[in-house]
file target_16.txt (compact mmCIF, C-alpha atoms)
# COMPACT_ATOMS: atom_id res chain seq x y z
CA MET N 375 0.00 0.00 0.00
CA ASN N 376 2.89 2.39 0.67
CA LYS N 377 4.11 1.86 -2.89
CA GLY N 378 0.67 2.81 -4.22
CA ILE N 379 0.57 6.01 -2.18
CA LEU N 380 4.11 6.88 -3.20
CA LEU N 381 3.27 6.29 -6.87
CA ALA N 382 0.12 8.44 -6.56
CA LEU N 383 2.15 11.26 -4.96
CA VAL N 384 4.77 11.12 -7.72
CA MET N 385 2.05 11.25 -10.40
CA LEU N 386 0.29 14.13 -8.61
CA LEU N 387 3.52 16.11 -8.35
CA GLY N 388 4.25 15.42 -12.02
CA ALA N 389 0.82 16.70 -13.01
CA CYS N 390 1.17 19.82 -10.87
CA SER N 391 4.53 20.68 -12.38
CA SER N 392 3.35 20.46 -15.97
CA ASN N 393 5.63 22.04 -18.53
CA ASP N 394 4.39 25.66 -18.51
CA ASN N 395 7.83 27.01 -19.36
CA LYS N 396 7.52 30.02 -21.59
CA HIS N 397 10.15 30.72 -24.23
CA TYR N 398 10.69 34.23 -25.57
CA TYR N 399 12.06 34.99 -29.03
CA GLN N 400 13.81 38.03 -30.47
CA LEU N 401 14.68 38.37 -34.16
CA PRO N 402 18.46 38.40 -34.59
CA VAL N 403 20.01 41.24 -36.57
CA ALA N 404 22.82 40.55 -39.01
CA ALA N 405 25.62 42.81 -37.80
CA ASP N 406 28.22 41.61 -40.28
CA GLY N 407 27.26 44.06 -43.00
CA SER N 408 26.69 41.16 -45.41
CA SER N 409 23.84 43.02 -47.07
CA VAL N 410 24.17 44.07 -50.67
CA SER N 411 25.38 47.67 -50.66
CA PRO N 412 24.67 49.96 -53.56
CA PRO N 413 27.30 52.59 -54.22
CA PRO N 414 26.65 55.70 -52.12
CA SER N 415 25.82 58.87 -54.01
CA SER N 416 27.60 62.13 -53.28
CA SER N 417 24.59 63.48 -51.37
CA ALA N 418 23.82 60.22 -49.55
CA ALA N 419 24.95 61.60 -46.18
CA ALA N 420 22.11 64.12 -46.23
CA ARG N 421 19.48 61.47 -47.00
CA HIS N 422 17.08 60.14 -44.42
CA ILE N 423 14.65 57.23 -44.55
CA TRP N 424 12.02 57.03 -41.86
CA VAL N 425 10.65 53.50 -41.37
CA SER N 426 7.36 55.00 -40.28
CA ARG N 427 5.62 51.84 -39.19
CA VAL N 428 5.21 48.14 -39.66
CA ASN N 429 1.63 46.89 -39.63
CA VAL N 430 0.91 43.21 -39.06
CA SER N 431 -2.31 41.34 -39.75
CA ASP N 432 -4.49 40.75 -36.70
CA PHE N 433 -3.63 37.05 -36.46
CA LEU N 434 0.06 37.98 -36.06
CA ALA N 435 -0.47 40.84 -33.60
CA GLY N 436 -0.58 38.71 -30.44
CA SER N 437 2.42 37.79 -28.34
CA GLY N 438 2.61 34.17 -29.51
CA VAL N 439 4.59 32.88 -32.48
CA VAL N 440 2.13 31.75 -35.18
CA TYR N 441 2.15 28.37 -36.92
CA GLN N 442 -0.07 27.38 -39.86
CA SER N 443 -1.12 23.77 -39.22
CA SER N 444 -3.16 23.26 -42.42
CA ASP N 445 -4.22 25.22 -45.46
CA VAL N 446 -6.93 26.95 -43.38
CA ARG N 447 -5.88 26.65 -39.72
CA TYR N 448 -3.47 28.86 -37.76
CA ILE N 449 -2.28 28.29 -34.20
CA THR N 450 -0.85 30.97 -31.92
CA ALA N 451 1.63 29.49 -29.47
CA SER N 452 0.95 30.07 -25.79
CA ASN N 453 4.42 29.15 -24.52
CA ASN N 454 6.55 30.37 -27.45
CA LEU N 455 6.23 34.13 -27.36
CA TRP N 456 7.79 37.18 -28.94
CA ALA N 457 10.08 38.94 -26.44
CA SER N 458 8.70 42.31 -27.57
CA PRO N 459 5.82 43.16 -29.93
CA LEU N 460 6.39 41.69 -33.39
CA GLU N 461 5.73 45.05 -35.08
CA GLN N 462 8.49 46.63 -33.00
CA GLN N 463 10.97 43.83 -33.73
CA LEU N 464 10.25 43.98 -37.46
CA GLN N 465 10.69 47.76 -37.51
CA GLN N 466 13.96 47.65 -35.53
CA THR N 467 15.47 44.89 -37.64
CA MET N 468 14.39 46.62 -40.88
CA VAL N 469 16.12 49.81 -39.70
CA ALA N 470 19.29 47.78 -39.03
CA ASN N 471 19.07 45.89 -42.34
CA LEU N 472 18.56 49.08 -44.38
CA SER N 473 21.31 50.87 -42.46
CA ASN N 474 23.71 48.05 -43.41
CA ALA N 475 22.57 48.04 -47.03
CA LEU N 476 22.47 51.82 -47.58
CA PRO N 477 25.70 53.26 -46.17
CA GLY N 478 25.69 57.01 -45.89
CA THR N 479 21.92 57.12 -45.41
CA LEU N 480 20.35 57.79 -42.04
CA VAL N 481 17.68 55.13 -41.49
CA SER N 482 15.57 55.51 -38.36
CA ALA N 483 12.35 54.51 -36.69
CA SER N 484 11.50 58.13 -35.90
CA PRO N 485 11.18 61.22 -38.06
CA VAL N 486 13.76 63.97 -38.14
CA GLN N 487 13.47 67.57 -39.22
CA GLY N 488 13.92 68.28 -42.86
CA GLU N 489 13.21 66.30 -45.97
CA GLN N 490 12.91 62.57 -45.57
CA ASP N 491 11.69 59.55 -47.47
CA THR N 492 9.26 57.21 -45.73
CA LEU N 493 8.89 53.46 -45.75
CA GLU N 494 5.71 51.79 -44.52
CA ILE N 495 5.44 48.01 -44.37
CA ASN N 496 2.30 45.85 -44.20
CA ILE N 497 2.82 42.23 -43.16
CA THR N 498 0.21 39.58 -44.02
CA GLY N 499 2.37 36.55 -43.24
CA PHE N 500 5.20 35.98 -40.76
CA HIS N 501 4.78 32.44 -39.50
CA GLY N 502 5.76 28.81 -39.75
CA ARG N 503 3.88 26.41 -41.98
CA TYR N 504 3.01 22.69 -41.83
CA ASP N 505 5.31 21.88 -44.78
CA GLY N 506 8.44 23.04 -42.91
CA ARG N 507 8.59 26.48 -44.46
CA ALA N 508 8.73 29.94 -42.92
CA VAL N 509 6.34 32.35 -44.64
CA ILE N 510 6.98 36.09 -45.01
CA GLN N 511 4.39 38.01 -47.04
CA GLY N 512 3.27 41.58 -47.42
CA GLU N 513 4.15 44.79 -49.17
CA TRP N 514 6.13 47.92 -48.59
CA LEU N 515 5.35 51.44 -49.68
CA PHE N 516 8.24 53.84 -50.25
CA THR N 517 7.52 57.56 -50.60
CA HIS N 518 10.20 59.75 -52.20
CA HIS N 519 9.32 63.34 -53.19
CA GLU N 520 5.61 62.50 -53.07
CA GLN N 521 6.12 59.61 -55.48
CA VAL N 522 4.96 56.29 -53.97
CA THR N 523 6.46 52.96 -54.96
CA ARG N 524 4.60 49.81 -53.91
CA ALA N 525 6.41 46.47 -53.83
CA PRO N 526 4.81 43.21 -52.72
CA PHE N 527 6.96 40.39 -51.32
CA ALA N 528 6.27 36.70 -50.70
CA LEU N 529 8.85 34.25 -49.40
CA ALA N 530 8.50 30.65 -48.27
CA LEU N 531 11.89 29.58 -46.92
CA LYS N 532 12.69 26.00 -45.96
CA GLN N 533 13.59 25.49 -42.30
CA GLU N 534 16.79 23.49 -41.92
CA GLU N 535 15.74 22.13 -38.51
CA ASP N 536 12.55 21.62 -36.53
CA GLY N 537 11.46 23.80 -33.65
CA TYR N 538 10.73 27.39 -32.78
CA ASP N 539 14.40 28.42 -32.58
CA ALA N 540 14.93 27.35 -36.19
CA LEU N 541 11.64 28.96 -37.24
CA VAL N 542 12.61 32.34 -35.76
CA ARG N 543 16.08 32.17 -37.35
CA THR N 544 14.55 31.34 -40.74
CA LEU N 545 12.00 34.16 -40.42
CA ALA N 546 14.87 36.54 -39.60
CA GLN N 547 16.80 35.40 -42.70
CA GLY N 548 13.73 35.99 -44.84
CA TRP N 549 13.17 39.41 -43.28
CA GLN N 550 16.78 40.30 -44.05
CA GLN N 551 16.16 39.29 -47.69
CA VAL N 552 13.11 41.58 -47.76
CA GLY N 553 15.32 44.41 -46.46
CA GLN N 554 18.03 43.73 -49.05
CA ASN N 555 15.49 43.72 -51.88
CA ALA N 556 13.92 46.94 -50.56
CA ALA N 557 17.37 48.57 -50.35
CA ARG N 558 18.11 47.68 -53.98
CA GLN N 559 14.83 49.13 -55.18
CA ILE N 560 15.07 52.21 -52.94
CA SER N 561 18.58 52.97 -54.22
CA LEU N 562 17.18 53.04 -57.77
CA GLN N 563 14.46 55.51 -56.70
CA ARG N 564 16.86 57.96 -55.11
call {"tool": "encode", "arguments": {"input": "target_16.txt", "output": "structure tokens"}}
result
Amino acid sequence: MNKGILLALVMLLGACSSNDNKHYYQLPVAADGSSVSPPPSSSAAARHIWVSRVNVSDFLAGSGVVYQSSDVRYITASNNLWASPLEQQLQQTMVANLSNALPGTLVSASPVQGEQDTLEINITGFHGRYDGRAVIQGEWLFTHHEQVTRAPFALALKQEEDGYDALVRTLAQGWQQVGQNAARQISLQR
């Protein structure tokens, strides 16, 4: 009978200490300057790009990392969370990516006095998918001298490993690609 009580206590303690560990994720920023850099123009130092905002679809706006489990079903993780709001992380990493890719241009998340170009980004997909791919979809709008350029983007990158760590790293790589492509197109506009 003592063995039965001991076994019941062990099972009760195991149930009470269920795995409610929360994991928090932050998008890494490539600091190596590996972005494609267009040649700076002679007036590039006076240029400013304001990344005015990043808007995410409602299903991505929560604190949990999102996973698409079928063609019509999305799951928001309850224990795998963004360390800070996703919109904020996407804006900060885009500022860093554009700063690396456009040397001599001031890229910031806040406006400055004087003439500036603006970049607004709308995200409709930033999640993992059931086929082992990380999905990044949306569009950016770049305004230069009242001329607006709209560029959609859609990436589905293969994850090299399973798990949320690999998903976040793959999403960050895709986001860096979006920034590199935006930098190339922006440099042609300016």
call {"tool": "atom_distance", "arguments": {"input": "target_16.txt", "atom1": "CA of Gln490 (chain N)", "atom2": "CA of Arg421 (chain N)"}}
result
6.8 Å
call {"tool": "residues_around", "arguments": {"input": "target_16.txt", "residues": "Phe516 (chain N)", "least_positions_apart": "3", "cutoff": "9 Å", "atoms": "all atoms listed in the file", "output": "ChimeraX atom specification"}}
result
/N:491-495,521-525,556,560
call {"tool": "closest_residue", "arguments": {"input": "target_16.txt", "among": "N:Gln465, N:Leu401, N:Glu489, N:Asn474", "to": "Gln554 (chain N)", "atoms": "all atoms listed in the file"}}
result
N:Asn474
call {"tool": "residues_around", "arguments": {"input": "target_16.txt", "residues": "Val509 (chain N)", "least_positions_apart": "4", "cutoff": "6 Å", "atoms": "all atoms listed in the file", "output": "list in words"}}
result
Gly499, Phe500, His501, Leu529 and Ala530 of chain N
call {"tool": "residues_around", "arguments": {"input": "target_16.txt", "residues": "Gln463 (chain N)", "least_positions_apart": "5", "cutoff": "10 Å", "atoms": "only C-alpha atoms", "output": "compact mmCIF listing (two decimals) with C-alpha atoms, in the coordinates of the input"}}
result
# COMPACT_ATOMS: atom_id res chain seq x y z
CA GLN N 400 13.81 38.03 -30.47
CA LEU N 401 14.68 38.37 -34.16
CA PRO N 402 18.46 38.40 -34.59
CA VAL N 403 20.01 41.24 -36.57
CA VAL N 428 5.21 48.14 -39.66
CA TRP N 456 7.79 37.18 -28.94
CA ALA N 457 10.08 38.94 -26.44
CA SER N 458 8.70 42.31 -27.57
CA MET N 468 14.39 46.62 -40.88
CA VAL N 469 16.12 49.81 -39.70
call {"tool": "closest_residue", "arguments": {"input": "target_16.txt", "among": "N:Glu520, N:Asp394, N:Asp536, N:Asp432", "to": "Tyr504 (chain N)", "atoms": "all atoms listed in the file"}}
result
N:Asp536
call {"tool": "atom_distance", "arguments": {"input": "target_16.txt", "atom1": "CA of Ser561 (chain N)", "atom2": "CA of Ser473 (chain N)"}}
result
12.3 Å
call {"tool": "atom_distance", "arguments": {"input": "target_16.txt", "atom1": "CA of Phe433 (chain N)", "atom2": "CA of Arg507 (chain N)"}}
result
18.0 Å
call {"tool": "closest_residue", "arguments": {"input": "target_16.txt", "among": "N:Glu513, N:Asp539, N:Asp505, N:Asp445", "to": "Ser431 (chain N)", "atoms": "only C-alpha atoms"}}
result
N:Glu513
call {"tool": "axis_aligned_box", "arguments": {"input": "target_16.txt", "around": "region 529-534 of chain N", "padding_each_side": "8 Å", "output": "lines of an AutoDock Vina configuration file"}}
result
center_x = 12.6
center_y = 28.9
center_z = -45.7
size_x = 24.3
size_y = 26.8
size_z = 23.5
call {"tool": "residues_around", "arguments": {"input": "target_16.txt", "residues": "Gly488 (chain N)", "least_positions_apart": "4", "cutoff": "12 Å", "atoms": "all atoms listed in the file", "output": "PyMOL selection string"}}
result
chain N and resi 420-424
call {"tool": "closest_residue", "arguments": {"input": "target_16.txt", "among": "N:Gly506, N:Pro477, N:Gly512, N:Gly438", "to": "Gly537 (chain N)", "atoms": "only C-alpha atoms"}}
result
N:Gly506
call {"tool": "closest_residue", "arguments": {"input": "target_16.txt", "among": "N:His518, N:Ala508, N:Thr467, N:Tyr399", "to": "Gln442 (chain N)", "atoms": "all atoms listed in the file"}}
result
N:Ala508
